[in-house]
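Printed here is structure14.pdb (PDB, C-alpha atoms):
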MODEL        1
ATOM      1  CA  GLN A  27       0.000   0.000   0.000  1.00  0.00           C
ATOM      2  CA  VAL A  28       1.299   3.425  -0.956  1.00  0.00           C
ATOM      3  CA  GLN A  29       1.292   6.030   1.803  1.00  0.00           C
ATOM      4  CA  LEU A  30      -0.061   9.444   0.850  1.00  0.00           C
ATOM      5  CA  VAL A  31       0.301  12.605   2.911  1.00  0.00           C
ATOM      6  CA  GLU A  32      -1.680  15.740   2.068  1.00  0.00           C
ATOM      7  CA  SER A  33      -0.716  19.252   3.111  1.00  0.00           C
ATOM      8  CA  GLY A  34      -1.615  22.836   2.352  1.00  0.00           C
ATOM      9  CA  GLY A  35      -5.114  23.056   3.716  1.00  0.00           C
ATOM     10  CA  GLY A  36      -6.250  25.916   5.892  1.00  0.00           C
ATOM     11  CA  SER A  37      -8.680  28.788   6.256  1.00  0.00           C
ATOM     12  CA  VAL A  38      -9.095  31.435   3.590  1.00  0.00           C
ATOM     13  CA  GLN A  39     -11.605  34.089   2.640  1.00  0.00           C
ATOM     14  CA  ALA A  40     -13.779  33.768  -0.430  1.00  0.00           C
ATOM     15  CA  GLY A  41     -11.859  34.725  -3.545  1.00  0.00           C
ATOM     16  CA  GLY A  42      -8.580  33.549  -2.091  1.00  0.00           C
ATOM     17  CA  SER A  43      -6.256  30.742  -3.144  1.00  0.00           C
ATOM     18  CA  LEU A  44      -4.699  27.642  -1.663  1.00  0.00           C
ATOM     19  CA  ARG A  45      -2.324  25.035  -3.032  1.00  0.00           C
ATOM     20  CA  LEU A  46      -2.678  21.494  -1.811  1.00  0.00           C
ATOM     21  CA  SER A  47       0.134  18.976  -2.067  1.00  0.00           C
ATOM     22  CA  CYS A  48       0.123  15.204  -1.731  1.00  0.00           C
ATOM     23  CA  ALA A  49       3.366  13.284  -1.383  1.00  0.00           C
ATOM     24  CA  ALA A  50       3.528   9.551  -2.091  1.00  0.00           C
ATOM     25  CA  SER A  51       5.872   7.013  -0.518  1.00  0.00           C
ATOM     26  CA  SER A  52       6.485   4.981  -3.682  1.00  0.00           C
ATOM     27  CA  ARG A  53       8.276   6.501  -6.671  1.00  0.00           C
ATOM     28  CA  SER A  54       7.919   3.466  -8.915  1.00  0.00           C
ATOM     29  CA  ARG A  55       4.168   3.275  -8.496  1.00  0.00           C
ATOM     30  CA  PHE A  56       3.674   7.032  -8.548  1.00  0.00           C
ATOM     31  CA  SER A  57       4.930   7.537 -12.082  1.00  0.00           C
ATOM     32  CA  ILE A  58       2.471   5.043 -13.572  1.00  0.00           C
ATOM     33  CA  ALA A  59      -0.457   5.933 -11.339  1.00  0.00           C
ATOM     34  CA  GLY A  60      -3.678   7.720 -11.948  1.00  0.00           C
ATOM     35  CA  LEU A  61      -3.959  10.475  -9.360  1.00  0.00           C
ATOM     36  CA  GLY A  62      -6.889  12.421  -8.060  1.00  0.00           C
ATOM     37  CA  TRP A  63      -8.228  14.886  -5.565  1.00  0.00           C
ATOM     38  CA  TYR A  64     -11.578  14.305  -3.896  1.00  0.00           C
ATOM     39  CA  ARG A  65     -13.481  16.223  -1.260  1.00  0.00           C
ATOM     40  CA  GLN A  66     -16.079  15.533   1.366  1.00  0.00           C
ATOM     41  CA  ALA A  67     -18.133  18.152   3.159  1.00  0.00           C
ATOM     42  CA  PRO A  68     -19.911  17.337   6.444  1.00  0.00           C
ATOM     43  CA  GLY A  69     -22.959  15.173   5.839  1.00  0.00           C
ATOM     44  CA  LYS A  70     -22.183  14.720   2.148  1.00  0.00           C
ATOM     45  CA  GLN A  71     -20.603  12.023   0.038  1.00  0.00           C
ATOM     46  CA  ARG A  72     -17.038  12.135  -1.186  1.00  0.00           C
ATOM     47  CA  ASP A  73     -16.905  13.636  -4.664  1.00  0.00           C
ATOM     48  CA  MET A  74     -14.264  13.792  -7.352  1.00  0.00           C
ATOM     49  CA  VAL A  75     -12.654  17.212  -7.755  1.00  0.00           C
ATOM     50  CA  ALA A  76      -9.910  16.572 -10.317  1.00  0.00           C
ATOM     51  CA  THR A  77      -7.934  13.689 -11.761  1.00  0.00           C
ATOM     52  CA  ILE A  78      -4.767  13.342 -13.792  1.00  0.00           C
ATOM     53  CA  THR A  79      -3.554  10.292 -15.684  1.00  0.00           C
ATOM     54  CA  SER A  80       0.015   9.020 -15.943  1.00  0.00           C
ATOM     55  CA  GLY A  81       0.140  10.719 -19.333  1.00  0.00           C
ATOM     56  CA  GLY A  82      -0.983  14.058 -17.959  1.00  0.00           C
ATOM     57  CA  SER A  83      -4.596  14.127 -19.124  1.00  0.00           C
ATOM     58  CA  THR A  84      -6.828  15.968 -16.671  1.00  0.00           C
ATOM     59  CA  ASN A  85     -10.479  15.917 -15.738  1.00  0.00           C
ATOM     60  CA  TYR A  86     -12.384  18.287 -13.470  1.00  0.00           C
ATOM     61  CA  ALA A  87     -15.716  18.454 -11.743  1.00  0.00           C
ATOM     62  CA  ASP A  88     -17.921  21.068 -13.377  1.00  0.00           C
ATOM     63  CA  SER A  89     -18.044  23.053 -10.151  1.00  0.00           C
ATOM     64  CA  VAL A  90     -14.289  23.713 -10.170  1.00  0.00           C
ATOM     65  CA  LYS A  91     -13.512  24.037 -13.891  1.00  0.00           C
ATOM     66  CA  GLY A  92     -11.596  27.218 -14.591  1.00  0.00           C
ATOM     67  CA  ARG A  93     -10.732  27.702 -10.913  1.00  0.00           C
ATOM     68  CA  PHE A  94      -8.740  24.609  -9.894  1.00  0.00           C
ATOM     69  CA  THR A  95      -5.695  23.079 -11.562  1.00  0.00           C
ATOM     70  CA  ILE A  96      -4.293  19.611 -10.896  1.00  0.00           C
ATOM     71  CA  SER A  97      -0.676  18.840 -11.721  1.00  0.00           C
ATOM     72  CA  ARG A  98       1.903  16.200 -10.921  1.00  0.00           C
ATOM     73  CA  ASP A  99       5.661  16.113 -10.437  1.00  0.00           C
ATOM     74  CA  ASN A 100       6.873  12.549 -10.867  1.00  0.00           C
ATOM     75  CA  ALA A 101      10.401  13.481  -9.785  1.00  0.00           C
ATOM     76  CA  LYS A 102       9.013  14.570  -6.414  1.00  0.00           C
ATOM     77  CA  ASN A 103       6.296  11.897  -6.129  1.00  0.00           C
ATOM     78  CA  THR A 104       3.854  14.732  -5.563  1.00  0.00           C
ATOM     79  CA  VAL A 105       0.486  15.763  -6.943  1.00  0.00           C
ATOM     80  CA  TYR A 106      -0.811  19.293  -6.506  1.00  0.00           C
ATOM     81  CA  LEU A 107      -4.152  21.042  -6.548  1.00  0.00           C
ATOM     82  CA  GLN A 108      -4.026  24.786  -7.141  1.00  0.00           C
ATOM     83  CA  MET A 109      -7.299  26.290  -5.991  1.00  0.00           C
ATOM     84  CA  ASP A 110      -8.143  29.848  -7.001  1.00  0.00           C
ATOM     85  CA  SER A 111     -11.261  31.990  -6.627  1.00  0.00           C
ATOM     86  CA  LEU A 112     -12.339  29.858  -3.706  1.00  0.00           C
ATOM     87  CA  LYS A 113     -15.966  29.858  -2.623  1.00  0.00           C
ATOM     88  CA  PRO A 114     -17.590  28.866   0.690  1.00  0.00           C
ATOM     89  CA  ASP A 115     -19.021  25.810  -1.096  1.00  0.00           C
ATOM     90  CA  ASP A 116     -15.446  24.592  -1.610  1.00  0.00           C
ATOM     91  CA  SER A 117     -15.113  24.027   2.137  1.00  0.00           C
ATOM     92  CA  ALA A 118     -14.450  20.332   2.775  1.00  0.00           C
ATOM     93  CA  VAL A 119     -11.842  17.777   3.690  1.00  0.00           C
ATOM     94  CA  TYR A 120      -9.724  17.181   0.603  1.00  0.00           C
ATOM     95  CA  TYR A 121      -8.258  13.748  -0.038  1.00  0.00           C
ATOM     96  CA  CYS A 122      -5.744  12.623  -2.599  1.00  0.00           C
ATOM     97  CA  ALA A 123      -5.911   9.193  -4.203  1.00  0.00           C
ATOM     98  CA  LEU A 124      -3.452   7.074  -6.145  1.00  0.00           C
ATOM     99  CA  THR A 125      -4.598   4.203  -8.338  1.00  0.00           C
ATOM    100  CA  THR A 126      -2.422   1.509  -9.862  1.00  0.00           C
ATOM    101  CA  TYR A 127      -3.258  -2.045 -10.959  1.00  0.00           C
ATOM    102  CA  GLY A 128      -6.870  -1.480  -9.997  1.00  0.00           C
ATOM    103  CA  MET A 129      -6.037  -0.626  -6.402  1.00  0.00           C
ATOM    104  CA  THR A 130      -6.565   2.800  -4.815  1.00  0.00           C
ATOM    105  CA  SER A 131      -4.701   4.271  -1.867  1.00  0.00           C
ATOM    106  CA  TRP A 132      -6.065   7.279   0.024  1.00  0.00           C
ATOM    107  CA  GLY A 133      -4.505   9.952   2.134  1.00  0.00           C
ATOM    108  CA  LYS A 134      -5.967  11.033   5.463  1.00  0.00           C
ATOM    109  CA  GLY A 135      -7.153  14.370   4.135  1.00  0.00           C
ATOM    110  CA  THR A 136      -6.551  18.049   4.702  1.00  0.00           C
ATOM    111  CA  LEU A 137      -9.231  20.527   5.763  1.00  0.00           C
ATOM    112  CA  VAL A 138     -10.081  23.544   3.641  1.00  0.00           C
ATOM    113  CA  THR A 139     -12.376  26.200   5.083  1.00  0.00           C
ATOM    114  CA  VAL A 140     -13.541  29.135   2.969  1.00  0.00           C
ATOM    115  CA  SER A 141     -15.320  31.963   4.733  1.00  0.00           C
ATOM    116  CA  SER A 142     -17.620  34.489   3.090  1.00  0.00           C
TER
ENDMDL
END
Would it be possible to restate this file's structure as structure tokens?
Amino acid sequence: QVQLVESGGGSVQAGGSLRLSCAASSRSRFSIAGLGWYRQAPGKQRDMVATITSGGSTNYADSVKGRFTISRDNAKNTVYLQMDSLKPDDSAVYYCALTTYGMTSWGKGTLVTVSS
């Protein structure tokens, strides 16, 4: 199982920005993995925010298109989520996920709070 550690969460006012990072423990699996960011607000299900394939193709939830950017640095075993123009509805615990060979590993999450 690959260990994933998220960082970069915090509190910010609406319109502000945050950059989340997720570092993986396995370099060999990281470079071939599909990576993603997901979020879960209190009382709600966990939803996909953004994903990126091993080849760099990205996909975003409609609610974050044009505001969030996912990227990966295989040399650093790290996936990022740049979040701009944040809204109160973006408040949630953000989790990163790594998928290889049909198996998904999850981080423990980082809390993002956006105040109006």
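Residues matched by the PyMOL selection byres ((chain A and resi 141) around 10) in this structure: Ser37, Val38, Gln39, Ala40, Gly41, Gly42, Leu112, Lys113, Pro114, Asp115, Asp116, Ser117, Val138, Thr139, Val140 and Ser142 of chain A.
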message: Can you spell out as a ChimeraX atom specification the set of residues that the PyMOL selection byres ((chain A and resi 63) around 7) selects in the structure I just provided?
response: /A:62,64-65,74-77,120-123
- request: Record the distance separating atom CA of A:Val90 and atom CA of A:Asp110, expressed in Å with one decimal.
  value: 9.2 Å
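One finds atom CA of A:Gly69 at 23.2 Å from atom CA of A:Phe94.
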message: Residues within 12 Å of (-5.7, 10.7, -15.2), file coordinates, counting only C-alpha atoms: what are they? Give the list as a VMD selection string.
response: chain A and resid 57 to 63 76 to 86 96 to 98 105 123 to 126
Atom CA of A:Tyr106 to atom CA of A:Ala118, distance in Å rounded to a single decimal: 16.5 Å
